[in-house]
Amino acid sequence: MNITFIGGGNMSSALIGGLLQQGYSPGQIRVVEISAERREKIKHAFKVETVAELAKGVSGSDVILLAVKPQQLSGVARELASQLRNQLVISIAAGIRATDISRWMSGYARVVRAMPNTPALIRAAVTGLYALPGVSMEEKHNAEAILGAVGSVLWCDREELLDAVTAVSGSGPAYVFYFIEAMQKAGQELGLDASQARRLSLATFLGAAELANQSGDDVATLRARVTSQGGTTERAIQTLENAGVKHAIVHAIHGASQRSRELGDEFGET
Ligand SMILES: NC(=O)C1=CN([C@@H]2O[C@H](COP(=O)(O)OP(=O)(O)OC[C@H]3O[C@@H](n4cnc5c(N)ncnc54)[C@H](O)[C@@H]3O)[C@@H](O)[C@H]2O)C=CC1
Ligand SMILES: O=C(O)[C@@H]1CCC=N1
């Protein structure tokens, strides 16, 4: 399968890095990128072909992966319309609805909307997928194979759910990094050096996430087991509760989902 990425930014780099680690060859991947500086960076990092012109980039490719900003997508999709020869089109743009992308490409039906996340770089992404009704089973398998090469995938049967996926897991790594930043800061304030604070914070995140993943118990139960009555965890959790941190996190994720819908409204037509 030959894949052309349109847009060679952060997310394309994460996906290309993951695909190459998975065994794809650089010869199967091409990148259309308008910035000469980005083209050089991509070529240098991954040894894949990079081009400036869309038509040249998509010729001979089986899958076109749209990875430009939501604001840039309609222009790209309209330009792409005349270049389509049965390729599968996958968009990873936040918010932009597959129905709008199809409309911009003169009703082209082979469109999958995907929402991966940056752990794709180490093949630990999770990606939500939604396919327009015109996408065949085989094309769905191809979309799964590409996004599945960089982690796990989850199909959604309604497009609105992609806004929830975007808010929870698309943006999610940033929430986790934010929490880790806070843990590291506290650790250093308490006298650990930067490397000790980093190691303890990261190992705790990895260990707790893996425990939750492997355990048959829900996370509230696992949390209760850490929280001894009258102990240290109880004091910390009480402080978080008093400060409304859980409420703020829930509110923040609702906000991200709302923003995803707004992007669809602002830059789409439905
Ligand atoms: N960064 C993230 O964690 C995630 C991002 N996304 C989505 O992925 C898309 C890309 O995001 P990033 O990679 O973070 O953005 P980015 O800004 O790093 O990359 C976009 C790239 O597209 C290029 N570009 C713009 N117009 C172009 C055109 N007409 N033809 C070819 N290239 C063009 C830009 O020069 C830039 O290098 C966005 O739509 C975003 O919503 C999806 C999941 C996660
Ligand atoms: O912040 C954004 O809009 C993109 C989509 C999900 C992660 N980054």
# chains A, B, ... in the order shown; residues from 1 in each chain; ligands from 1
>>> residues_around(residues="Leu121 of chain A", least_positions_apart="6", cutoff="8 Å", atoms="only C-alpha atoms", output="list of chain:residue names")
A:Ser13, A:Ala14, A:Leu15, A:Ile16, A:Gly17, A:Gly18, A:Val150
>>> select_by_dssp(residues="segment 140-187 of chain A", states="strand (DSSP E)", output="JSON, numbers by chain")
{"A": [151, 152, 153, 154, 155]}
>>> closest_atom_pairs(of="chain A", to="ligand 1", cutoff="6 Å", atoms="only C-alpha atoms and all ligand atoms", output="CSV")
residue,atom,partner,partner_atom_place_in_ligand_line,distance
A:Ile6,CA,ligand 1,31 (C),5.0
A:Gly7,CA,ligand 1,22 (O),3.4
A:Gly8,CA,ligand 1,37 (O),4.6
A:Gly9,CA,ligand 1,19 (O),3.2
A:Asn10,CA,ligand 1,13 (O),3.7
A:Met11,CA,ligand 1,13 (O),3.6
A:Ser12,CA,ligand 1,13 (O),5.6
A:Val32,CA,ligand 1,31 (C),5.0
A:Glu33,CA,ligand 1,32 (N),3.7
A:Ile34,CA,ligand 1,32 (N),4.6
A:Ser35,CA,ligand 1,35 (O),4.9
A:Arg38,CA,ligand 1,37 (O),5.9
A:Ala67,CA,ligand 1,9 (C),4.4
A:Val68,CA,ligand 1,22 (O),4.1
A:Lys69,CA,ligand 1,39 (O),3.6
A:Pro70,CA,ligand 1,39 (O),4.5
A:Gln72,CA,ligand 1,26 (N),5.6
A:Val76,CA,ligand 1,29 (N),5.3
A:Ile92,CA,ligand 1,42 (C),5.0
A:Ala93,CA,ligand 1,39 (O),3.1
A:Ala94,CA,ligand 1,41 (O),3.7
A:Met115,CA,ligand 1,43 (C),5.1
A:Pro116,CA,ligand 1,43 (C),4.8
A:Asn117,CA,ligand 1,44 (C),4.4
A:Thr118,CA,ligand 1,3 (O),5.0
A:Gly170,CA,ligand 1,44 (C),5.0
>>> closest_residue(among="A:Ala220, A:Leu200, A:Ala149, A:Ala125", to="ligand 2", atoms="only C-alpha atoms and all ligand atoms")
A:Ala125
>>> closest_residue(among="A:Phe5, A:Pro173, A:Val226, A:Ile146", to="Ala208 of chain A", atoms="only C-alpha atoms")
A:Val226
>>> residues_around(residues="segment 246-260 of chain A", least_positions_apart="5", cutoff="9 Å", atoms="only C-alpha atoms", output="PyMOL selection string")
chain A and resi 94-96+162-168+171-172+175+240-241+265
>>> residues_around(residues="Arg158 of chain A", least_positions_apart="6", cutoff="12 Å", atoms="only C-alpha atoms", output="PyMOL selection string")
chain A and resi 97-99+113+128-133+164-165
>>> select_by_dssp(residues="segment 71-180 of chain A", states="helix (DSSP H, G or I)", output="tab-separated table (two decimals) with N, CA and C atoms, in the first residue's frame")
chain	number	residue	atom	x	y	z
A	71	GLN	N	-8.29	24.39	9.30
A	71	GLN	CA	-8.50	25.62	8.53
A	71	GLN	C	-8.04	25.47	7.07
A	72	GLN	N	-7.12	24.56	6.84
A	72	GLN	CA	-6.52	24.42	5.50
A	72	GLN	C	-7.17	23.30	4.69
A	73	LEU	N	-8.08	22.57	5.34
A	73	LEU	CA	-8.54	21.32	4.71
A	73	LEU	C	-9.43	21.53	3.49
A	74	SER	N	-10.32	22.52	3.53
A	74	SER	CA	-11.25	22.64	2.40
A	74	SER	C	-10.49	22.97	1.12
A	75	GLY	N	-9.48	23.84	1.22
A	75	GLY	CA	-8.68	24.18	0.03
A	75	GLY	C	-8.00	22.95	-0.55
A	76	VAL	N	-7.42	22.16	0.35
A	76	VAL	CA	-6.71	20.95	-0.09
A	76	VAL	C	-7.70	19.96	-0.72
A	77	ALA	N	-8.85	19.76	-0.06
A	77	ALA	CA	-9.83	18.78	-0.56
A	77	ALA	C	-10.36	19.20	-1.93
A	78	ARG	N	-10.63	20.47	-2.11
A	78	ARG	CA	-11.14	20.95	-3.41
A	78	ARG	C	-10.10	20.73	-4.51
A	79	GLU	N	-8.82	20.98	-4.15
A	79	GLU	CA	-7.75	20.79	-5.13
A	79	GLU	C	-7.57	19.30	-5.47
A	80	LEU	N	-7.86	18.49	-4.46
A	80	LEU	CA	-7.68	17.04	-4.62
A	80	LEU	C	-8.76	16.42	-5.52
A	81	ALA	N	-9.92	17.06	-5.58
A	81	ALA	CA	-11.10	16.46	-6.25
A	81	ALA	C	-10.78	15.92	-7.64
A	82	SER	N	-10.00	16.68	-8.40
A	82	SER	CA	-9.73	16.24	-9.79
A	82	SER	C	-8.65	15.17	-9.87
A	83	GLN	N	-8.00	14.87	-8.75
A	83	GLN	CA	-6.88	13.91	-8.76
A	83	GLN	C	-7.30	12.52	-8.28
A	98	ALA	N	-16.55	14.27	7.81
A	98	ALA	CA	-16.31	13.49	6.58
A	98	ALA	C	-17.29	13.89	5.48
A	99	THR	N	-18.52	14.23	5.88
A	99	THR	CA	-19.52	14.63	4.88
A	99	THR	C	-19.09	15.91	4.16
A	100	ASP	N	-18.47	16.84	4.90
A	100	ASP	CA	-17.99	18.07	4.26
A	100	ASP	C	-16.81	17.79	3.33
A	101	ILE	N	-15.92	16.93	3.80
A	101	ILE	CA	-14.75	16.59	2.97
A	101	ILE	C	-15.23	15.97	1.66
A	102	SER	N	-16.21	15.07	1.78
A	102	SER	CA	-16.76	14.42	0.59
A	102	SER	C	-17.37	15.49	-0.34
A	103	ARG	N	-18.12	16.41	0.22
A	103	ARG	CA	-18.75	17.46	-0.59
A	103	ARG	C	-17.68	18.30	-1.33
A	104	TRP	N	-16.61	18.67	-0.61
A	104	TRP	CA	-15.54	19.47	-1.24
A	104	TRP	C	-14.87	18.70	-2.38
A	118	THR	N	-0.60	11.58	19.50
A	118	THR	CA	0.84	11.61	19.24
A	118	THR	C	1.64	10.38	19.72
A	119	PRO	N	1.16	9.57	20.67
A	119	PRO	CA	1.93	8.35	20.96
A	119	PRO	C	2.10	7.44	19.73
A	120	ALA	N	1.48	7.83	18.61
A	120	ALA	CA	1.73	7.15	17.33
A	120	ALA	C	3.23	7.03	17.08
A	121	LEU	N	3.97	8.03	17.52
A	121	LEU	CA	5.42	8.05	17.30
A	121	LEU	C	6.10	6.82	17.87
A	122	ILE	N	5.56	6.27	18.94
A	122	ILE	CA	6.15	5.06	19.53
A	122	ILE	C	5.18	3.87	19.40
A	137	MET	N	-15.73	-2.63	2.90
A	137	MET	CA	-15.08	-3.37	3.99
A	137	MET	C	-13.56	-3.40	3.78
A	138	GLU	N	-13.17	-3.63	2.53
A	138	GLU	CA	-11.73	-3.72	2.25
A	138	GLU	C	-11.03	-2.40	2.56
A	139	GLU	N	-11.71	-1.30	2.20
A	139	GLU	CA	-11.11	0.02	2.49
A	139	GLU	C	-11.05	0.27	3.99
A	140	LYS	N	-12.07	-0.20	4.70
A	140	LYS	CA	-12.02	-0.06	6.17
A	140	LYS	C	-10.84	-0.83	6.74
A	141	HIS	N	-10.62	-2.02	6.20
A	141	HIS	CA	-9.47	-2.81	6.66
A	141	HIS	C	-8.16	-2.07	6.37
A	142	ASN	N	-8.10	-1.40	5.21
A	142	ASN	CA	-6.88	-0.65	4.88
A	142	ASN	C	-6.67	0.50	5.84
A	143	ALA	N	-7.76	1.21	6.18
A	143	ALA	CA	-7.65	2.31	7.14
A	143	ALA	C	-7.17	1.78	8.49
A	144	GLU	N	-7.75	0.63	8.87
A	144	GLU	CA	-7.36	0.00	10.13
A	144	GLU	C	-5.89	-0.42	10.11
A	145	ALA	N	-5.44	-0.91	8.95
A	145	ALA	CA	-4.05	-1.37	8.85
A	145	ALA	C	-3.10	-0.18	9.03
A	146	ILE	N	-3.44	0.97	8.45
A	146	ILE	CA	-2.55	2.13	8.55
A	146	ILE	C	-2.53	2.70	9.95
A	147	LEU	N	-3.70	3.01	10.49
A	147	LEU	CA	-3.73	3.58	11.84
A	147	LEU	C	-3.38	2.52	12.87
A	148	GLY	N	-3.71	1.26	12.57
A	148	GLY	CA	-3.37	0.16	13.47
A	148	GLY	C	-1.88	-0.10	13.53
A	161	LEU	N	-19.44	11.00	17.43
A	161	LEU	CA	-18.58	10.42	18.46
A	161	LEU	C	-17.10	10.76	18.25
A	162	LEU	N	-16.75	11.15	17.00
A	162	LEU	CA	-15.36	11.53	16.76
A	162	LEU	C	-15.00	12.81	17.52
A	163	ASP	N	-15.99	13.65	17.82
A	163	ASP	CA	-15.72	14.84	18.64
A	163	ASP	C	-15.36	14.43	20.06
A	164	ALA	N	-16.03	13.39	20.56
A	164	ALA	CA	-15.71	12.87	21.90
A	164	ALA	C	-14.33	12.22	21.90
A	165	VAL	N	-14.05	11.45	20.85
A	165	VAL	CA	-12.73	10.80	20.75
A	165	VAL	C	-11.64	11.88	20.72
A	166	THR	N	-11.88	12.93	19.94
A	166	THR	CA	-10.90	14.02	19.84
A	166	THR	C	-10.63	14.62	21.21
A	167	ALA	N	-11.71	14.83	21.98
A	167	ALA	CA	-11.58	15.48	23.29
A	167	ALA	C	-10.91	14.56	24.31
A	168	VAL	N	-11.20	13.27	24.25
A	168	VAL	CA	-10.66	12.35	25.26
A	168	VAL	C	-9.23	11.90	24.90
A	169	SER	N	-9.08	11.30	23.72
A	169	SER	CA	-7.77	10.70	23.42
A	169	SER	C	-6.93	11.50	22.42
A	170	GLY	N	-7.57	12.25	21.52
A	170	GLY	CA	-6.79	13.06	20.56
A	170	GLY	C	-5.99	14.11	21.31
A	172	GLY	N	-5.88	14.10	24.58
A	172	GLY	CA	-5.57	13.49	25.88
A	172	GLY	C	-4.11	13.48	26.29
A	173	PRO	N	-3.17	13.19	25.37
A	173	PRO	CA	-1.78	13.18	25.82
A	173	PRO	C	-1.36	14.51	26.47
A	174	ALA	N	-1.94	15.61	25.99
A	174	ALA	CA	-1.59	16.91	26.59
A	174	ALA	C	-2.05	16.99	28.05
A	175	TYR	N	-3.21	16.40	28.36
A	175	TYR	CA	-3.68	16.44	29.76
A	175	TYR	C	-2.73	15.62	30.64
A	176	VAL	N	-2.32	14.48	30.10
A	176	VAL	CA	-1.42	13.61	30.87
A	176	VAL	C	-0.08	14.31	31.10
A	177	PHE	N	0.45	14.94	30.04
A	177	PHE	CA	1.74	15.66	30.19
A	177	PHE	C	1.60	16.79	31.22
A	178	TYR	N	0.45	17.43	31.21
A	178	TYR	CA	0.18	18.52	32.16
A	178	TYR	C	0.24	18.01	33.60
A	179	PHE	N	-0.38	16.86	33.81
A	179	PHE	CA	-0.37	16.26	35.15
A	179	PHE	C	1.06	15.86	35.55
A	180	ILE	N	1.78	15.30	34.59
A	180	ILE	CA	3.17	14.90	34.88
A	180	ILE	C	4.02	16.13	35.20
>>> residues_around(residues="Arg85 of chain A", least_positions_apart="6", cutoff="10 Å", atoms="only C-alpha atoms", output="ChimeraX atom specification")
/A:58-62
>>> write_last_selection(atoms="C-alpha atoms", output="compact mmCIF listing (two decimals), in the first residue's frame")
# COMPACT_ATOMS: atom_id res chain seq x y z
CA VAL A 58 -0.85 11.65 -5.07
CA SER A 59 -0.12 10.00 -8.40
CA GLY A 60 0.24 6.25 -7.92
CA SER A 61 -0.81 6.28 -4.30
CA ASP A 62 -3.47 3.98 -2.82
>>> closest_residue(among="A:Val112, A:Leu19, A:Ala182, A:Ile237", to="Arg223 of chain A", atoms="only C-alpha atoms")
A:Ile237
>>> closest_residue(among="A:Ala243, A:Val219, A:Val126, A:Leu202", to="ligand 2", atoms="only C-alpha atoms and all ligand atoms")
A:Val126
